[in-house]
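Structure file upload-v1.cif with mmCIF, C-alpha atoms:
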data_query
#
loop_
_atom_site.label_atom_id
_atom_site.label_comp_id
_atom_site.auth_asym_id
_atom_site.auth_seq_id
_atom_site.Cartn_x
_atom_site.Cartn_y
_atom_site.Cartn_z
CA MET A 5 4.10 37.68 -6.29
CA LEU A 6 4.84 36.09 -9.66
CA THR A 7 4.99 37.80 -13.02
CA LYS A 8 2.44 36.86 -15.65
CA GLN A 9 5.09 34.77 -17.42
CA GLU A 10 6.10 32.98 -14.21
CA ASN A 11 2.47 32.30 -13.36
CA ASP A 12 1.85 30.72 -16.77
CA TYR A 13 5.04 28.70 -16.40
CA ILE A 14 4.08 27.20 -13.05
CA CYS A 15 0.37 26.64 -13.84
CA GLN A 16 0.40 25.17 -17.35
CA THR A 17 0.79 21.37 -17.40
CA GLY A 18 -0.38 20.42 -20.89
CA PRO A 19 1.64 18.48 -23.47
CA ASP A 20 5.01 20.03 -24.31
CA THR A 21 4.88 22.62 -21.52
CA PRO A 22 7.84 22.73 -19.09
CA MET A 23 5.69 21.98 -16.03
CA GLY A 24 3.75 19.36 -17.97
CA ASN A 25 7.00 17.62 -18.84
CA LEU A 26 8.00 17.68 -15.17
CA PHE A 27 4.69 16.20 -13.99
CA ARG A 28 5.03 13.43 -16.56
CA ARG A 29 8.16 12.21 -14.73
CA PHE A 30 5.94 11.07 -11.85
CA TRP A 31 3.29 8.41 -11.35
CA ILE A 32 -0.08 10.16 -11.32
CA PRO A 33 -3.16 8.82 -9.48
CA PHE A 34 -6.29 9.51 -11.50
CA LEU A 35 -9.00 6.89 -10.77
CA MET A 36 -10.39 5.21 -7.70
CA ALA A 37 -9.66 1.48 -7.90
CA ASP A 38 -13.37 0.65 -8.04
CA GLU A 39 -13.84 2.74 -11.18
CA LEU A 40 -12.35 -0.25 -13.05
CA PRO A 41 -13.70 -3.03 -10.80
CA SER A 42 -13.11 -6.13 -12.91
CA PRO A 43 -11.61 -7.48 -16.15
CA ASP A 44 -13.52 -6.44 -19.29
CA CYS A 45 -15.57 -3.90 -17.32
CA PRO A 46 -16.78 -0.75 -19.15
CA PRO A 47 -14.03 1.72 -20.07
CA VAL A 48 -13.78 5.05 -18.24
CA ARG A 49 -13.15 8.50 -19.65
CA ALA A 50 -10.12 10.29 -18.24
CA ARG A 51 -8.51 13.65 -18.79
CA LEU A 52 -5.03 14.26 -17.40
CA LEU A 53 -2.58 17.10 -17.97
CA GLY A 54 -4.75 18.39 -20.81
CA GLU A 55 -4.96 15.04 -22.65
CA ASP A 56 -8.24 13.29 -23.42
CA LEU A 57 -7.83 9.59 -22.59
CA VAL A 58 -9.76 6.39 -21.95
CA ALA A 59 -8.91 3.76 -19.33
CA PHE A 60 -9.85 0.08 -19.33
CA LYS A 61 -9.00 -3.19 -17.60
CA ASP A 62 -8.47 -6.04 -20.04
CA SER A 63 -9.42 -9.71 -19.78
CA GLU A 64 -6.24 -10.50 -17.82
CA GLY A 65 -6.74 -7.63 -15.36
CA LYS A 66 -4.10 -5.41 -16.98
CA ILE A 67 -4.95 -1.71 -16.89
CA ALA A 68 -4.50 0.56 -19.88
CA LEU A 69 -4.76 4.29 -20.54
CA LEU A 70 -5.09 5.14 -24.23
CA ASP A 71 -5.62 8.22 -26.34
CA ALA A 72 -9.38 8.76 -26.33
CA HIS A 73 -9.57 8.89 -30.12
CA CYS A 74 -9.12 5.93 -32.43
CA PRO A 75 -6.24 6.71 -34.83
CA HIS A 76 -8.38 5.59 -37.79
CA ARG A 77 -11.11 8.23 -37.98
CA LEU A 78 -10.79 9.65 -34.45
CA ALA A 79 -13.94 8.08 -33.05
CA ASP A 80 -14.24 8.12 -29.26
CA LEU A 81 -12.89 4.88 -27.79
CA PHE A 82 -15.04 5.39 -24.68
CA PHE A 83 -17.81 3.75 -26.70
CA GLY A 84 -15.52 0.81 -27.49
CA ARG A 85 -16.12 -2.86 -26.64
CA ASN A 86 -13.79 -4.11 -23.93
CA GLU A 87 -13.28 -7.72 -25.05
CA GLU A 88 -10.66 -10.45 -25.30
CA CYS A 89 -7.64 -8.45 -24.13
CA GLY A 90 -8.35 -5.28 -26.05
CA LEU A 91 -10.59 -2.29 -26.62
CA ARG A 92 -12.41 -2.40 -29.95
CA CYS A 93 -13.58 0.81 -31.62
CA VAL A 94 -17.27 0.53 -32.49
CA TYR A 95 -16.90 2.60 -35.66
CA HIS A 96 -14.86 0.21 -37.83
CA GLY A 97 -13.72 -2.44 -35.35
CA TRP A 98 -10.07 -1.53 -34.93
CA LYS A 99 -8.88 -3.09 -31.69
CA PHE A 100 -6.06 -1.99 -29.38
CA ASP A 101 -4.31 -3.80 -26.54
CA VAL A 102 -2.98 -2.26 -23.32
CA ASN A 103 0.26 -1.28 -25.07
CA GLY A 104 -1.58 0.68 -27.76
CA GLU A 105 -0.82 -1.89 -30.47
CA CYS A 106 -3.50 -2.46 -33.08
CA VAL A 107 -4.26 -6.20 -32.84
CA ASP A 108 -7.23 -6.42 -35.21
CA MET A 109 -8.44 -4.46 -38.23
CA PRO A 110 -11.54 -6.21 -39.58
CA ASN A 111 -12.29 -3.65 -42.30
CA GLU A 112 -8.97 -4.39 -44.04
CA PRO A 113 -8.27 -7.44 -46.25
CA ALA A 114 -7.14 -10.54 -44.36
CA GLU A 115 -3.76 -10.49 -46.09
CA SER A 116 -3.09 -6.84 -45.17
CA ASN A 117 -0.34 -6.06 -42.67
CA PHE A 118 -1.58 -2.51 -42.14
CA LYS A 119 -2.46 -3.19 -38.51
CA THR A 120 1.22 -3.81 -37.70
CA LYS A 121 1.94 -0.21 -38.67
CA ILE A 122 -0.69 1.34 -36.42
CA ARG A 123 -0.52 2.08 -32.72
CA THR A 124 -2.05 4.68 -30.44
CA THR A 125 -0.74 6.53 -27.42
CA ALA A 126 -0.73 4.25 -24.39
CA TYR A 127 0.43 4.95 -20.85
CA PRO A 128 1.40 2.27 -18.30
CA CYS A 129 -0.96 1.99 -15.33
CA ARG A 130 -0.90 0.31 -11.92
CA GLU A 131 -3.40 -0.25 -9.15
CA TYR A 132 -1.80 0.79 -5.88
CA GLY A 133 -2.99 2.13 -2.55
CA GLY A 134 -6.67 2.07 -3.47
CA LEU A 135 -6.11 4.16 -6.63
CA ILE A 136 -5.18 3.64 -10.27
CA TRP A 137 -2.02 5.43 -11.36
CA ALA A 138 -0.58 6.32 -14.77
CA TYR A 139 2.95 7.12 -15.87
CA MET A 140 2.96 9.52 -18.83
CA GLY A 141 6.67 10.22 -19.19
CA PRO A 142 9.58 8.69 -21.13
CA GLN A 143 9.37 4.91 -20.79
CA GLU A 144 13.09 4.50 -20.21
CA LEU A 145 12.80 6.73 -17.12
CA MET A 146 9.73 5.08 -15.57
CA PRO A 147 10.33 4.74 -11.80
CA GLU A 148 8.58 2.68 -9.16
CA PRO A 149 5.50 4.35 -7.62
CA PRO A 150 6.13 6.61 -4.62
CA GLN A 151 6.24 4.87 -1.24
CA LEU A 152 3.64 7.11 0.34
CA ASP A 153 2.68 5.96 3.81
CA TRP A 154 -1.05 5.82 3.04
CA ALA A 155 -0.50 3.80 -0.14
CA MET A 156 1.37 1.03 1.70
CA VAL A 157 -1.14 0.31 4.48
CA PRO A 158 -3.95 -2.30 4.18
CA ASP A 159 -7.22 -1.09 2.68
CA SER A 160 -8.85 -1.27 6.12
CA HIS A 161 -6.47 1.43 7.39
CA ARG A 162 -7.38 3.96 4.68
CA TYR A 163 -10.33 6.06 3.47
CA ILE A 164 -10.23 7.99 0.17
CA LEU A 165 -12.68 10.36 -1.49
CA LYS A 166 -12.23 11.77 -4.99
CA MET A 167 -13.64 15.19 -5.85
CA HIS A 168 -13.69 17.46 -8.89
CA THR A 169 -12.30 20.98 -8.38
CA ASP A 170 -12.94 23.99 -10.61
CA SER A 171 -9.50 25.56 -10.38
CA ASN A 172 -5.90 25.07 -11.37
CA TYR A 173 -4.02 22.56 -9.26
CA LEU A 174 -1.61 25.14 -7.86
CA GLN A 175 -4.00 27.35 -5.93
CA ALA A 176 -5.44 24.20 -4.36
CA VAL A 177 -1.93 23.07 -3.33
CA GLU A 178 -1.21 26.52 -1.91
CA GLY A 179 -4.34 26.27 0.23
CA ASP A 180 -3.19 22.89 1.52
CA ILE A 181 0.22 24.11 2.65
CA ASP A 182 -0.91 27.46 4.06
CA ASN A 183 -1.45 26.73 7.75
CA SER A 184 -2.09 30.28 8.92
CA HIS A 185 -5.52 30.42 7.24
CA ALA A 186 -6.86 27.58 9.38
CA SER A 187 -7.13 29.77 12.49
CA PHE A 188 -9.67 31.87 10.60
CA LEU A 189 -11.26 30.08 7.64
CA HIS A 190 -12.01 26.88 9.58
CA ALA A 191 -12.78 28.51 12.92
CA SER A 192 -15.99 28.45 14.93
CA LEU A 193 -17.26 31.46 16.81
CA GLY A 194 -18.29 29.82 20.05
CA GLY A 195 -21.95 30.70 20.11
CA GLY A 196 -21.62 34.29 19.01
CA ALA A 197 -18.67 35.33 21.21
CA ASP A 198 -16.25 37.81 19.73
CA PHE A 199 -13.97 35.85 17.41
CA MET A 200 -10.67 37.54 18.17
CA GLU A 201 -11.35 37.48 21.90
CA ARG A 202 -12.07 33.77 21.64
CA LEU A 203 -8.75 33.23 19.86
CA LYS A 204 -6.92 35.11 22.59
CA ASN A 205 -8.57 32.89 25.19
CA GLY A 206 -7.46 29.69 23.49
CA GLY A 207 -10.32 29.04 21.06
CA GLY A 208 -9.62 27.85 17.56
CA PRO A 209 -10.75 26.03 14.48
CA TRP A 210 -13.97 24.11 14.50
CA ASN A 211 -12.76 20.57 13.93
CA PRO A 212 -15.40 17.83 14.15
CA LEU A 213 -12.66 15.21 13.94
CA LEU A 214 -12.09 15.95 17.61
CA LYS A 215 -15.25 13.99 18.33
CA VAL A 216 -13.69 10.77 17.11
CA GLN A 217 -10.04 11.38 17.95
CA ASN A 218 -10.21 13.08 21.35
CA ARG A 219 -7.96 16.02 20.49
CA PRO A 220 -9.05 18.88 22.78
CA ARG A 221 -5.51 20.25 22.87
CA PHE A 222 -5.68 20.91 19.12
CA ASN A 223 -8.30 23.64 19.45
CA THR A 224 -6.66 25.14 22.52
CA LEU A 225 -3.14 25.30 21.10
CA PHE A 226 -4.11 26.02 17.52
CA GLY A 227 -6.18 29.06 18.36
CA LYS A 228 -3.83 30.50 20.95
CA ASP A 229 -1.70 32.15 18.28
CA PRO A 230 -3.62 33.07 15.10
CA ALA A 231 -0.46 34.30 13.35
CA PRO A 232 1.90 31.30 13.30
CA LYS A 233 5.41 31.71 12.02
CA GLY A 234 6.10 29.55 9.00
CA VAL A 235 9.55 28.02 8.62
CA PHE A 236 10.42 25.79 5.69
CA LYS A 237 13.29 23.55 4.74
CA ASP A 238 14.05 22.39 1.21
CA THR A 239 14.34 18.61 1.07
CA ASP A 240 14.87 15.86 -1.48
CA TYR A 241 11.11 15.28 -1.66
CA GLY A 242 9.97 18.91 -1.71
CA ILE A 243 9.49 21.10 1.37
CA MET A 244 9.18 20.43 5.10
CA MET A 245 7.07 23.15 6.71
CA GLY A 246 7.03 24.01 10.37
CA TRP A 247 4.24 26.27 11.63
CA ARG A 248 5.16 27.62 15.04
CA ARG A 249 2.69 28.95 17.57
CA ASN A 250 3.61 30.43 20.93
CA VAL A 251 2.40 28.43 23.93
CA ASP A 252 4.31 29.68 27.00
CA ASP A 253 7.76 30.86 28.01
CA GLU A 254 9.37 27.46 27.37
CA ASN A 255 7.47 25.72 24.54
CA TYR A 256 6.34 26.17 20.99
CA TYR A 257 3.43 24.32 19.42
CA TRP A 258 4.60 23.04 16.03
CA ARG A 259 2.51 21.73 13.15
CA ILE A 260 4.90 20.09 10.72
CA ASN A 261 3.47 19.53 7.25
CA HIS A 262 5.10 18.42 4.02
CA TRP A 263 4.69 19.27 0.37
CA LEU A 264 5.93 16.30 -1.65
CA MET A 265 6.69 16.85 -5.32
CA PRO A 266 4.70 17.59 -7.27
CA PHE A 267 1.14 17.51 -5.85
CA TYR A 268 0.96 15.93 -2.35
CA ALA A 269 0.35 17.73 0.96
CA VAL A 270 0.86 15.56 4.05
CA LEU A 271 -0.71 17.37 6.99
CA ALA A 272 0.06 17.31 10.69
CA SER A 273 -1.59 15.03 13.25
CA PRO A 274 -0.57 14.26 16.83
CA PRO A 275 1.40 11.03 17.26
CA GLY A 276 -0.86 7.98 17.04
CA VAL A 277 -3.80 9.84 15.49
CA THR A 278 -5.28 9.12 12.05
CA MET A 279 -3.48 11.18 9.41
CA LEU A 280 -4.49 13.30 6.41
CA CYS A 281 -3.07 13.75 2.90
CA ASN A 282 -4.44 15.95 0.10
CA VAL A 283 -3.53 15.15 -3.52
CA ARG A 284 -4.10 17.65 -6.36
CA ILE A 285 -3.99 16.27 -9.91
CA PRO A 286 -4.24 18.60 -12.93
CA ILE A 287 -7.05 17.60 -15.28
CA ASP A 288 -6.03 20.55 -17.41
CA ASP A 289 -5.01 24.12 -16.64
CA GLU A 290 -8.44 25.08 -15.25
CA GLU A 291 -9.64 21.95 -13.43
CA SER A 292 -8.13 19.41 -11.07
CA TRP A 293 -8.90 16.19 -9.20
CA PHE A 294 -8.78 16.24 -5.43
CA PHE A 295 -8.07 13.00 -3.58
CA ARG A 296 -8.52 13.43 0.18
CA ILE A 297 -7.07 10.54 2.18
CA MET A 298 -7.34 9.61 5.84
CA TRP A 299 -5.15 6.74 7.02
CA ASN A 300 -3.80 5.17 10.17
CA PRO A 301 -0.51 3.26 9.89
CA ASP A 302 -1.06 1.35 13.13
CA ARG A 303 -4.63 0.06 13.02
CA PRO A 304 -7.79 -0.27 10.92
CA LEU A 305 -9.95 2.83 10.88
CA LEU A 306 -12.64 2.78 13.55
CA ASP A 307 -16.29 2.44 12.55
CA GLN A 308 -16.87 5.79 14.21
CA GLU A 309 -14.19 7.41 12.07
CA VAL A 310 -15.47 5.96 8.81
CA ASN A 311 -19.04 6.94 9.68
CA GLU A 312 -17.87 10.52 10.26
CA TYR A 313 -16.03 10.55 6.92
CA LYS A 314 -19.00 9.15 5.00
CA ASN A 315 -21.89 10.89 6.71
CA GLY A 316 -20.64 13.77 8.83
CA GLY A 317 -20.27 16.22 5.97
CA PHE A 318 -17.43 18.08 7.70
CA ILE A 319 -14.09 16.37 7.03
CA PHE A 320 -15.41 15.14 3.68
CA PRO A 321 -18.22 16.97 1.86
CA GLU A 322 -21.55 15.40 1.00
CA MET A 323 -21.46 14.18 -2.61
CA GLU A 324 -24.00 13.96 -5.41
CA PRO A 325 -24.72 10.21 -5.63
CA GLY A 326 -22.82 8.44 -8.39
CA THR A 327 -20.57 11.42 -9.12
CA PHE A 328 -17.37 13.05 -7.92
CA ASN A 329 -19.14 16.38 -7.43
CA PRO A 330 -19.87 17.79 -3.97
CA ILE A 331 -23.46 18.88 -3.36
CA ALA A 332 -22.20 22.21 -2.02
CA ASN A 333 -20.38 23.88 -4.92
CA LYS A 334 -19.78 27.21 -6.62
CA ASP A 335 -23.14 27.06 -8.44
CA ASN A 336 -25.00 27.21 -5.11
CA ASP A 337 -22.39 29.32 -3.27
CA TYR A 338 -21.30 26.21 -1.33
CA GLN A 339 -24.66 26.32 0.47
CA ILE A 340 -23.44 29.17 2.64
CA ASP A 341 -25.67 29.72 5.66
CA ARG A 342 -25.51 33.40 6.69
CA SER A 343 -27.25 32.68 9.98
CA LEU A 344 -24.63 30.04 10.80
CA GLN A 345 -21.94 32.52 9.76
CA ARG A 346 -23.22 35.09 12.26
CA SER A 347 -23.56 32.68 15.15
CA PHE A 348 -21.22 29.71 14.80
CA SER A 349 -18.63 29.49 12.01
CA VAL A 350 -16.52 32.09 10.24
CA THR A 351 -17.69 30.99 6.79
CA GLY A 352 -21.19 29.59 7.31
CA ILE A 353 -20.08 26.71 5.06
CA LYS A 354 -20.42 23.28 6.63
CA SER A 355 -17.60 21.22 5.10
CA ILE A 356 -13.94 21.99 5.75
CA PRO A 357 -12.84 21.10 2.17
CA GLN A 358 -15.67 23.24 0.78
CA GLN A 359 -14.52 26.18 2.88
CA ASP A 360 -11.15 25.83 1.13
CA ARG A 361 -12.81 25.42 -2.26
CA ALA A 362 -14.97 28.50 -1.77
CA VAL A 363 -11.93 30.74 -1.44
CA GLY A 364 -9.81 28.85 -3.99
CA GLU A 365 -12.37 28.52 -6.78
CA SER A 366 -13.66 32.07 -6.30
CA MET A 367 -10.21 33.36 -7.29
CA GLY A 368 -10.92 32.12 -10.82
CA ALA A 369 -9.72 29.06 -12.68
CA ILE A 370 -6.15 30.41 -12.63
CA VAL A 371 -5.45 33.16 -10.09
CA ASP A 372 -3.45 36.15 -11.33
CA ARG A 373 -0.54 36.04 -8.90
CA SER A 374 0.94 39.26 -10.30
CA LYS A 375 -1.73 41.11 -8.28
CA GLU A 376 -0.90 39.50 -4.92
CA HIS A 377 0.47 41.27 -1.85
CA LEU A 378 2.22 38.54 0.11
CA GLY A 379 2.98 39.02 3.80
CA THR A 380 5.47 37.65 6.29
CA ARG A 381 3.34 34.55 6.89
CA ASP A 382 3.46 33.60 3.20
CA VAL A 383 7.10 32.49 3.26
CA VAL A 384 6.11 28.83 2.78
CA ILE A 385 4.02 29.66 -0.30
CA ILE A 386 6.97 31.53 -1.77
CA GLY A 387 9.33 28.65 -0.96
CA MET A 388 7.10 26.05 -2.60
CA ARG A 389 6.77 28.09 -5.80
CA ARG A 390 10.51 28.66 -6.01
CA HIS A 391 11.21 24.97 -5.44
CA LEU A 392 8.79 23.89 -8.17
CA ILE A 393 10.09 26.43 -10.68
CA ARG A 394 13.72 25.55 -9.89
CA VAL A 395 13.23 21.81 -10.42
CA CYS A 396 11.31 22.48 -13.63
CA LYS A 397 14.04 24.72 -15.02
CA GLU A 398 16.62 22.10 -14.10
CA LEU A 399 14.68 19.56 -16.16
CA GLU A 400 14.64 21.98 -19.09
CA ALA A 401 18.41 22.14 -18.74
CA GLY A 402 18.65 18.35 -18.89
CA LYS A 403 18.76 17.44 -15.18
CA GLU A 404 16.14 14.86 -14.24
CA PRO A 405 14.30 15.40 -10.92
CA VAL A 406 15.94 13.18 -8.31
CA ILE A 407 12.71 12.71 -6.35
CA ALA A 408 10.92 11.13 -9.33
CA SER A 409 13.27 8.14 -9.22
CA SER A 410 13.46 7.99 -5.40
CA PRO A 411 10.21 6.36 -4.27
CA GLU A 412 11.60 5.78 -0.77
CA SER A 413 11.88 9.56 -0.23
CA TYR A 414 8.09 9.74 0.08
CA ARG A 415 8.10 7.85 3.39
CA ILE A 416 7.16 10.95 5.37
CA ARG A 417 4.50 11.76 7.99
CA GLY A 418 3.17 15.05 9.29
CA VAL A 419 3.05 15.66 13.04
CA ASP A 420 1.94 18.23 15.56
CA LEU A 421 3.69 18.42 18.90
CA LEU A 422 5.12 20.64 21.63
CA LEU A 423 8.87 21.29 21.57
CA LYS A 424 11.16 23.29 23.80
CA GLN A 425 11.90 26.67 22.25
CA ASN A 426 15.59 25.87 21.80
CA VAL A 427 14.93 22.64 19.83
CA PRO A 428 14.91 22.93 15.99
CA PHE A 429 11.58 21.64 14.72
CA ASP A 430 13.04 19.26 12.16
CA GLN A 431 15.35 17.67 14.73
CA GLY A 432 12.86 17.47 17.57
CA ALA A 433 10.28 15.72 15.37
CA LYS A 434 12.66 13.62 13.26
CA HIS A 435 11.71 10.30 14.90
CA LEU A 436 8.02 10.95 14.24
CA ILE A 437 8.36 12.24 10.68
CA GLU A 438 10.31 9.41 9.06
CA VAL A 439 8.27 6.30 8.22
CA PRO A 440 9.96 3.05 9.29
CA ALA A 441 11.64 1.16 6.47
CA THR A 442 9.23 -1.74 6.95
CA PRO A 443 5.57 -0.67 7.32
CA GLU A 444 4.18 -1.57 10.70
#
As structure tokens, how would this structure be written, given the file I've shared?
Amino acid sequence: MLTKQENDYICQTGPDTPMGNLFRRFWIPFLMADELPSPDCPPVRARLLGEDLVAFKDSEGKIALLDAHCPHRLADLFFGRNEECGLRCVYHGWKFDVNGECVDMPNEPAESNFKTKIRTTAYPCREYGGLIWAYMGPQELMPEPPQLDWAMVPDSHRYILKMHTDSNYLQAVEGDIDNSHASFLHASLGGGADFMERLKNGGGPWNPLLKVQNRPRFNTLFGKDPAPKGVFKDTDYGIMMGWRRNVDDENYYWRINHWLMPFYAVLASPPGVTMLCNVRIPIDDEESWFFRIMWNPDRPLLDQEVNEYKNGGFIFPEMEPGTFNPIANKDNDYQIDRSLQRSFSVTGIKSIPQQDRAVGESMGAIVDRSKEHLGTRDVVIIGMRRHLIRVCKELEAGKEPVIASSPESYRIRGVDLLLKQNVPFDQGAKHLIEVPATPE
């Protein structure tokens, strides 16, 4: 468990907080690319790390992220006119370019040079990997964006959905990296059969992705051991996690996931199968954005896959049209179906992400980790927290995080596979984990 002080330290990401300063060393995805579809399109409200902001794409296609409030009288720039390479406040006409410089001040005399003395907060932005990213840290330290596998493939190889989450980023990340819960939370009951007996007989999580990826071994191996042993290894990028399940006298079934600093979880898939990454971005201390990404490095996504993602309602939840809000949410108890819960699934909640959200959001906006009772299977959770706190304290002491300026360190894939019991998981899977230097 964490103390109250440690919990505040690791959860708070606003301006001038230690963790907030750490997060600002990294490029942060915050918009889908189509939220700013064209030059001079309408601006978009944004809130990141506790800051109210507005994003726009200027006449030359450059993307800007500015303080939401005009520095004149603090009017909301969301209502501004996006015109001729700048965003013009509708209150008095002050206009700002993508660098935050005031380039026009029509309510001042023509001979005045006052506009040269005014600027607003502006953060550099880039469109990359189907998303729009911002860098909110010291300009002299701005790195290249991370070379995440899914960000470097063609658009046809990738599917992304953005969702709003009513909880702090950290408890969502902890759900992503905790593999032991999947044997229960995401499991099906097999038509009313006793759940534990089904697990003993090789049953496992209900995973509709099997329909489009032909992965029958996943359910069999995953459910065979509902108490996997978690092993983690500190790395340059964060943590490599191996979840080991017993198979027979010679082999272990390993699911090797990765937590990449500070908010990415790359999850295991068998070699050659479409992969999954979850990204958790703090809006503020009590809300976060959730980008859920499926990608295949070797081929375009199949029509059958994309149809499942868009319409199946399992791997991705059904969304309220025109919003980033799932239809099943905490206000309607995630549309829990008690009949389904008795006869088919452990939760009675249809969507896999909403099963995670139901347990994560119900803990409260920020869970009180001083009340936890962690067990032997929580070693990975403990390791991730310690890693994050350590790197943050190092930054406070003046040591910049190496991973922030090492975009190539993000070239990592998750994998699930069988290995002989005497083979270390990180060595046996090394050739499958490391992304080739040149994307295929």
**OP:** Would you mind reading off the distance between CA of Pro440 (chain A) and CA of Val384 (chain A), one decimal, in Å?
**Re:** 26.9 Å
Original post:
Any chance you could work out the residue set of the PyMOL selection byres ((chain A and resi 80) around 12) here, as a ChimeraX atom specification?
Top reply: /A:47-50,56-58,70-79,81-85,91-96,98
**OP:** Evaluate the PyMOL selection byres ((chain A and resi 27) around 10) on the structure here and hand back the selected residues as a ChimeraX atom specification.
**Re:** /A:17-18,21-26,28-32,53,139-141,265-267,285-286,396,408
At a cut-off of 7 Å, can you tabulate as a tab-separated table every residue of region 218-313 of chain A near region 368-383 of chain A together with its closest atom pair and the distance in Å to one decimal, using all atoms listed in the file and ordering rows by chain then number?
residue	atom	partner	partner_atom	distance
A:Lys233	CA	A:Arg381	CA	6.2
A:Gly234	CA	A:Arg381	CA	6.1
A:Glu290	CA	A:Ala369	CA	4.9
Subject >> Top pick for closest residue to Gln175 (chain A), considering A:Asp101, A:Glu148, A:Asp289, A:Asp238 and counting only C-alpha atoms >> reply: A:Asp289
Original post:
Which residue gives the smallest distance to Arg417 (chain A) among A:Arg259, A:Arg249, A:Lys314, A:Lys334, with all atoms listed in the file counted?
Top reply: A:Arg259
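Among the candidates A:Met244, A:Ile340, A:Cys281, A:Ala126, the residue lying nearest to Lys434 (chain A) is A:Met244 (atoms considered: only C-alpha atoms).
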Once the PyMOL selection byres ((chain A and resi 180-183) around 7) has been applied to the shown file, what residues remain in the selection, as an mmCIF file with C-alpha atoms, in the coordinates of the input?
data_model
loop_
_atom_site.group_PDB
_atom_site.id
_atom_site.type_symbol
_atom_site.label_atom_id
_atom_site.label_comp_id
_atom_site.auth_asym_id
_atom_site.auth_seq_id
_atom_site.Cartn_x
_atom_site.Cartn_y
_atom_site.Cartn_z
ATOM 1 C CA ALA A 176 -5.440 24.200 -4.360
ATOM 2 C CA VAL A 177 -1.930 23.070 -3.330
ATOM 3 C CA GLU A 178 -1.210 26.520 -1.910
ATOM 4 C CA GLY A 179 -4.340 26.270 0.230
ATOM 5 C CA SER A 184 -2.090 30.280 8.920
ATOM 6 C CA HIS A 185 -5.520 30.420 7.240
ATOM 7 C CA ALA A 186 -6.860 27.580 9.380
ATOM 8 C CA TRP A 247 4.240 26.270 11.630
ATOM 9 C CA TRP A 263 4.690 19.270 0.370
ATOM 10 C CA ALA A 269 0.350 17.730 0.960
ATOM 11 C CA ILE A 385 4.020 29.660 -0.300
#
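CA of Asn282 (chain A) sits 19.3 Å away from CA of Ile14 (chain A).
For region 420-426 of chain A, the list of residues within 8 Å, based on all atoms listed in the file and with local chain neighbours fewer than 2 positions off taken out, reads A:Glu254, A:Asn255, A:Tyr256, A:Tyr257, A:Trp258, A:Arg259, A:Ile260, A:Ala272, A:Ser273, A:Pro274, A:Pro275, A:Gly418, A:Pro428, A:Phe429, A:Gly432, A:Ala433.
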Original post:
Which residue out of A:Ser187, A:Thr125, A:Thr351, A:Asn172 has the minimum interatomic distance to Glu55 (chain A) when only C-alpha atoms are used?
Top reply: A:Thr125
**OP:** Quick one: pull the distance between CA of Glu88 (chain A) and CA of Pro33 (chain A), Å, one decimal.
**Re:** 26.0 Å
Subject >> Selected residue of minimal separation from Arg296 (chain A) among A:Leu436, A:Ile164, A:Val406, A:Met109, counting all atoms listed in the file >> reply: A:Ile164
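Using all atoms listed in the file, the smallest distance between any of A:Ile67, A:Leu35, A:Leu306, A:Ile243 and Arg390 (chain A) comes from A:Ile243.
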With a cut-off of 12 Å, could you pull out the residues of region 114-207 of chain A touching region 300-303 of chain A and give me the nearest pair of atoms for each, distance in Å to one decimal, using all atoms listed in the file, ordered by chain and ascending number, as CSV?
residue,atom,partner,partner_atom,distance
A:Leu152,CA,A:Pro301,CA,11.1
A:Asp153,CA,A:Pro301,CA,7.4
A:Trp154,CA,A:Pro301,CA,7.3
A:Ala155,CA,A:Pro301,CA,10.0
A:Met156,CA,A:Pro301,CA,8.7
A:Val157,CA,A:Pro301,CA,6.2
A:Pro158,CA,A:Pro301,CA,8.7
A:Asp159,CA,A:Asn300,CA,10.3
A:Ser160,CA,A:Arg303,CA,8.2
A:His161,CA,A:Asn300,CA,5.4
A:Arg162,CA,A:Asn300,CA,6.7
A:Tyr163,CA,A:Asn300,CA,9.4
